[in-house]
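Novice: This structure is in structure tokens; I'll ask about it shortly.
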Amino acid sequence: MINLQISYNWLKKYIDINYTPADLSEKLTMAGLEVEGVEYLGEGLEDIKIAKIEEIKAHPDADKLVICMVKTAADKEPIPVVTGAPNVEAGQMVPFAEVGTTLPNGMKIEEIELRGQLSQGMICSKDELGLQEERAAGIMVLEESAPLGASFLKYKRLDDYVFKLDLTPNYARCLGMIGVARELKSLYAQEKTLNTPPISFEEAEELGTINDYVEVEIEDPDLCPRYTARLVKNVEIKESPEWIQRRLKAAGIRPINNVVDISNFVLMEYNQPLHTFDYNKIKDGKIVVRRAEAEEKIMTLDDEERALDDEMLVISDPEKAVAVGGVMGGANTEVTEETTDVLIESAYFNPVSIRKTAKKLGMHSDSSHRFERGVDIEKAVEANNRACQMLAKCDGAKVVPGVIDQYPLKYEPAVIELETARVNELLGIELKAADVRKSLERLGFEVKAAAADKFEVTVPSYRTDVEQAADLVEEIARVYGYNKIPSTRPISKQRGKRTPQQKFEKRVEELLQAGGLDEVITYSLQAKKSYDDLNLCQFEDYAKFVSIKNPLSEAFAVLRTTLVPGLIDVLSSNARRQESEMAIFETGTVFRNKGGNNRPEELNMLGGGIFGVENDIWQQGAPNFFALKGVLEMLFERIQLDNYQFIPDNDNRDFLHPGRRAEIKYNQIQTFGFIGEIHPELADQNNLPQGTTIFELDLDFLFKVTAAKEYSYQKLVKYPVLARDLAVVLKEEIAVGEIHQAIQNIGGAMLKNLELFDIYQGDQIKEGHKSAAFELKFQADDRTLTDQEVNRRFNQIVKHLKEEYSAEIRGN
């Protein structure tokens with residue numbers, strides 16, 4: 001969105017409207033110029049009167065105070081006012097607040113005694129009236145001609161409303177007052193006249209012509225299709241007239257001096273940025289519009305030295321760059337109090353070039369704001385002449401005859417074909433060809449009949465946003481009225497539904513939520529530095545970055561290759577906010593560079609993390625790890641994933657704890673994910689609790705291996721279960737999961753359930769070993785098992801564990 005402030009009184013100079021501020025606000029919004037707010041400039045000044053200091057008396061008890069006798073009307077008695085202002089004099093006309101008045105800053109004026117003397121009002125300063133931010137040195141003194149007793153508000157023409165607009169980029173033509181007035185005329189006041197300022201001024205013939213002083217050369221017309229220049233001599237740099245300052249302040253622009261203020265005035269009037277140079281600081285009076293040289297330096301008006309590159313446009317003289325074209329001027333040709341001759345630039349610059357330059361340099365100005373959205377190339381000379389007129393009128397300066405107008409790439413208006421049938425098809429209404437033509441002509445388009453119900457529409461130069469027939473249809477809709485277009489439901493022949501993979505992902509999300517994890521969504525654009533800080537770049541797949549050509553910042557410079565940085569950022573942010581526990585998951589796409597001109601690989605991943613689990617049921621010092629592993633086991637069971645294993649990972653993923661990380665494999669071959677605690681050093685660097693655990697899985701792979709499986713239901717088995725407990729002592733390095741799988745394999749179909757319920761190291765267990773205890777439940781579907789059958793299968797399991805793992809059976 002583009003922000004703009006427009007003054008109600010200023011707008012009325014260009015079109016005679018009699019809408020109330022509320023009505024105008026509604027009409028602007030309906031025209032597409034959304035009004036964000038309306039501010040009354042005279043708020044708090046309604047009761048301020050113009051008074052005259054008739055007499056000044058010394059205060060009998062205070063050296064720094066005086067008593068001013070103030071009159072508010074010829075037929076009224078003077079009012080005593082005690083003040084310490086240093087600039088009060090008898091005969092002055094001043095703004096006066098009577099007793100009972102409330103000032104803009106909230107101060108209520110009351111009758112008081114100051115050192116024993118009665119004071120019945122206040123003579124106001126500019127800051128007390130809200131007319132300047134900094135503290136004033138004394139009272140505000142008005143012109144001698146100010147009418148006694150009149151409203152200060154109306155005398156100073158502060159009885160005005162400011163409309164704060166939010167404009168979309170296609171309304172860039174309305175960044176000037178004339179553009180807004182043109183929109184109002186086209187849509188609501190066709191009978192009114194658009195009052196563009198009449199431009200007339202005398203040129204100083206005795207000075208010769210501008211060609212005697214100035215030369216302009218455009219080296220790169222693609223970046224600058226038009227450049228105009230005029231010269232004004234004998235300029236006196238001083239404050240602008242009050243009416244100019246008042247209008248600029250209403251537009252949110254701070255007045256500086258007459259030359260700068262007039263260029264800003266024309267900017268707000270015509271939406272045409274101007275730049276003013278001190279002519280005497282330009283070598284040989286020659287302007288060269290060229291590309292910058294690599295690493296060329298320029299000190300801009302904001303006192304920052306900028307390093308340029310050869311894609312940027314600069315305005316230069318034969319020796320040096322004097323401005324960054326369309327963005328900001330150089331300090332070496334700045335207009336100062338010593339300036340007497342002013343060169344005025346009014347040009348058209350390539351919008352794409354200006355946008356790239358402003359972004360690279362981090363320089364966003366009112367000029368670049370407009371140039372990068374497109375200005376009216378045909379109004380360059382008119383805007384320049386308007387500035388010359390105002391300078392000559394306000395300051396008695398002399399305008400050198402003639403204008404330099406370098407126009408190597410002439411403007412060719414776009415001509416678009418439009419059919420009435422197409423308009424009605426897109427808008428869902430029934431307009432006649434005559435209505436279509438009339439609507440476009442109201443908006444300033446030139447319309448010619450090309451065939452039956454078909455037109456050739458010529459786009460005016462100020463409509464840089466109109467490029468195709470659909471744009472014209474949108475314009476017709478604005479004239480017709482969006483609120484008049486009937487609402488209809490779109491006709492769909494087929495109801496939308498989720499794909500099988502979308503259904504699978506939805507089920508995964510529901511299962512993880514049932515497991516106690518909350519879903520999060522993180523950015524796909526990330527900072528490469530995050531990967532370096534987390535040691536992720538050591539993992540080959542994580543270093544296959546897809547870089548963004550024009551990132552908003554370094555924080556959004558690459559597409560993510562893994563969900564890990566986003567998940568860690570969420571966990572870290574919550575830990576810093578004193579959250580004691582957290583469990584999250586995310587499903588999202590990651591992108592990995594395939595090299596060359598190939599499209600990046602896109603993978604759907606599932607990741608998550610947890611911290612704050614306190615119940616260390618396995619007494620291994622890793623409660624978060626086992627809690628999250630349990631959630632994944634539940635997930636795998638519910639999606640019917642078989643033949644998966646958690647395999648200790650001793651070689652990869654240095655961002656994880658070296659002793660508490662595992663690869664997750666399918667059929668002992670295909671790795672499709674990992675789980676592990678964050679490395680203690682990285683946890684500390686990211687303000688994470690020690691033991692924070694994360695996981696990441698290939699969601700596409702999970703779908704692939706489980707998609708063909710169907711859910712089947714079996715009747716409850718009526719035969720009893722025979723349970724056996726088995727405690728085995730193993731070498732410490734043997735994974736309990738491997739033993740679990742071995743028991744499952746030997747147990748076969750008869751072994752209906754197998755659960756690990758204890759792991760123990762300590763007394764009665766020899767050093768370097770551990771004890772693992774399992775509960776085995778045997779059951780048959782078609783009969784009652786005998787103890788002999790169960791014992792035989794149980795002994796086979798024991799024998800296998802002894803032979804393959806040198807396990808010792810506790811209790812034997």
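The way I read the labels, and the way they are meant: chains A, B, ... in the order of the structure tokens, residue 1 as the first residue of every chain, and ligand 1 as the first ligand shown, with later ones counted on from there.
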Go through range 422-492 of chain A and collect every residue that DSSP, computed from the backbone, puts in strand (DSSP E or B); the answer should be as a PDB file with C-alpha atoms, in the first residue's frame.

Specialist:
```
ATOM      1  CA  GLU A 446      -9.788   7.901 -26.248  1.00  0.00           C
ATOM      2  CA  VAL A 447     -12.276   5.411 -27.737  1.00  0.00           C
ATOM      3  CA  LYS A 448     -12.746   4.576 -31.416  1.00  0.00           C
ATOM      4  CA  ALA A 449     -15.199   2.081 -32.890  1.00  0.00           C
ATOM      5  CA  ALA A 450     -13.313  -0.757 -34.608  1.00  0.00           C
ATOM      6  CA  ALA A 451     -16.214  -3.091 -35.443  1.00  0.00           C
ATOM      7  CA  LYS A 454     -15.600  -3.649 -30.515  1.00  0.00           C
ATOM      8  CA  PHE A 455     -13.426  -0.642 -29.670  1.00  0.00           C
ATOM      9  CA  GLU A 456      -9.854   0.541 -29.974  1.00  0.00           C
ATOM     10  CA  VAL A 457      -8.991   2.282 -26.718  1.00  0.00           C
ATOM     11  CA  THR A 458      -6.009   4.640 -26.508  1.00  0.00           C
TER      12      THR A 458
END
```

Novice: Out of range 586-720 of chain A, which residues get helix (DSSP H, G or I) from DSSP, as a ChimeraX atom specification?

Specialist: /A:623-638,680-685,699-706

Novice: For the residues in the current selection, export N, CA and C atoms as a CSV table (one decimal), in the first residue's frame.

Specialist:
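Dumped to part-v7.csv:
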```
chain,number,residue,atom,x,y,z
A,623,PRO,N,14.4,-38.0,29.1
A,623,PRO,CA,13.0,-38.1,29.1
A,623,PRO,C,12.3,-37.5,27.8
A,624,ASN,N,12.9,-36.4,27.3
A,624,ASN,CA,12.3,-35.8,26.1
A,624,ASN,C,12.5,-36.7,24.9
A,625,PHE,N,13.6,-37.3,24.8
A,625,PHE,CA,13.9,-38.2,23.7
A,625,PHE,C,12.9,-39.4,23.6
A,626,PHE,N,12.7,-40.0,24.8
A,626,PHE,CA,11.9,-41.2,24.8
A,626,PHE,C,10.4,-40.8,24.7
A,627,ALA,N,10.0,-39.7,25.2
A,627,ALA,CA,8.6,-39.2,25.0
A,627,ALA,C,8.3,-39.0,23.6
A,628,LEU,N,9.2,-38.3,22.8
A,628,LEU,CA,9.0,-38.0,21.4
A,628,LEU,C,9.1,-39.3,20.6
A,629,LYS,N,10.0,-40.2,21.0
A,629,LYS,CA,10.1,-41.5,20.3
A,629,LYS,C,8.8,-42.3,20.4
A,630,GLY,N,8.2,-42.2,21.6
A,630,GLY,CA,6.9,-42.9,21.8
A,630,GLY,C,5.8,-42.3,21.0
A,631,VAL,N,5.8,-41.0,20.8
A,631,VAL,CA,4.8,-40.4,19.9
A,631,VAL,C,5.0,-40.9,18.5
A,632,LEU,N,6.2,-41.0,18.0
A,632,LEU,CA,6.5,-41.5,16.6
A,632,LEU,C,6.1,-42.9,16.5
A,633,GLU,N,6.3,-43.7,17.5
A,633,GLU,CA,5.9,-45.1,17.5
A,633,GLU,C,4.4,-45.3,17.4
A,634,MET,N,3.7,-44.4,18.1
A,634,MET,CA,2.3,-44.4,18.0
A,634,MET,C,1.8,-44.0,16.6
A,635,LEU,N,2.5,-43.0,16.0
A,635,LEU,CA,2.1,-42.6,14.7
A,635,LEU,C,2.4,-43.7,13.7
A,636,PHE,N,3.5,-44.4,13.8
A,636,PHE,CA,3.8,-45.5,12.8
A,636,PHE,C,2.8,-46.6,13.0
A,637,GLU,N,2.5,-46.9,14.2
A,637,GLU,CA,1.5,-48.0,14.4
A,637,GLU,C,0.1,-47.7,13.7
A,638,ARG,N,-0.3,-46.4,13.9
A,638,ARG,CA,-1.6,-46.0,13.4
A,638,ARG,C,-1.7,-45.9,11.9
A,680,PRO,N,24.3,-30.1,23.2
A,680,PRO,CA,24.2,-29.3,24.4
A,680,PRO,C,24.8,-27.9,24.1
A,681,GLU,N,25.8,-27.7,23.3
A,681,GLU,CA,26.4,-26.4,23.0
A,681,GLU,C,25.4,-25.6,22.2
A,682,LEU,N,24.7,-26.2,21.2
A,682,LEU,CA,23.8,-25.5,20.4
A,682,LEU,C,22.5,-25.1,21.2
A,683,ALA,N,22.1,-26.0,22.1
A,683,ALA,CA,21.0,-25.8,23.0
A,683,ALA,C,21.3,-24.5,23.8
A,684,ASP,N,22.5,-24.5,24.4
A,684,ASP,CA,22.8,-23.3,25.2
A,684,ASP,C,22.8,-22.0,24.4
A,685,GLN,N,23.4,-22.1,23.2
A,685,GLN,CA,23.5,-20.9,22.3
A,685,GLN,C,22.1,-20.4,21.9
A,699,LEU,N,7.9,-37.1,4.6
A,699,LEU,CA,6.4,-37.4,4.6
A,699,LEU,C,6.0,-38.0,3.3
A,700,ASP,N,6.7,-37.7,2.2
A,700,ASP,CA,6.4,-38.3,0.9
A,700,ASP,C,6.7,-39.8,1.0
A,701,PHE,N,7.8,-40.2,1.6
A,701,PHE,CA,8.1,-41.6,1.7
A,701,PHE,C,7.1,-42.3,2.6
A,702,LEU,N,6.7,-41.7,3.7
A,702,LEU,CA,5.7,-42.4,4.6
A,702,LEU,C,4.4,-42.6,3.8
A,703,PHE,N,4.0,-41.7,3.0
A,703,PHE,CA,2.8,-41.9,2.2
A,703,PHE,C,3.0,-43.0,1.2
A,704,LYS,N,4.1,-43.0,0.6
A,704,LYS,CA,4.4,-44.0,-0.5
A,704,LYS,C,4.3,-45.4,0.1
A,705,VAL,N,4.9,-45.7,1.2
A,705,VAL,CA,5.0,-47.0,1.7
A,705,VAL,C,3.8,-47.5,2.5
A,706,THR,N,2.9,-46.5,2.8
A,706,THR,CA,1.7,-46.9,3.6
A,706,THR,C,0.4,-46.7,2.8
```

Novice: Looking at only C-alpha atoms, which of A:Ile664, A:Val403, A:Leu726, A:Leu301 is the one that sits closest to Val216 in chain A?

Specialist: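 So, comparing all the options, the nearest one is A:Val403.
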
Novice: Give me, please, the distance in Å between CA of Val324 in chain A and CA of Phe371 in chain A, quoted to one decimal.

Specialist: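 That distance, rounded to one decimal, is 12.6 Å.
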
Novice: What gap, in Å, lies between CA of Gly673 in chain A and CA of Asp698 in chain A?

Specialist: 6.1 Å
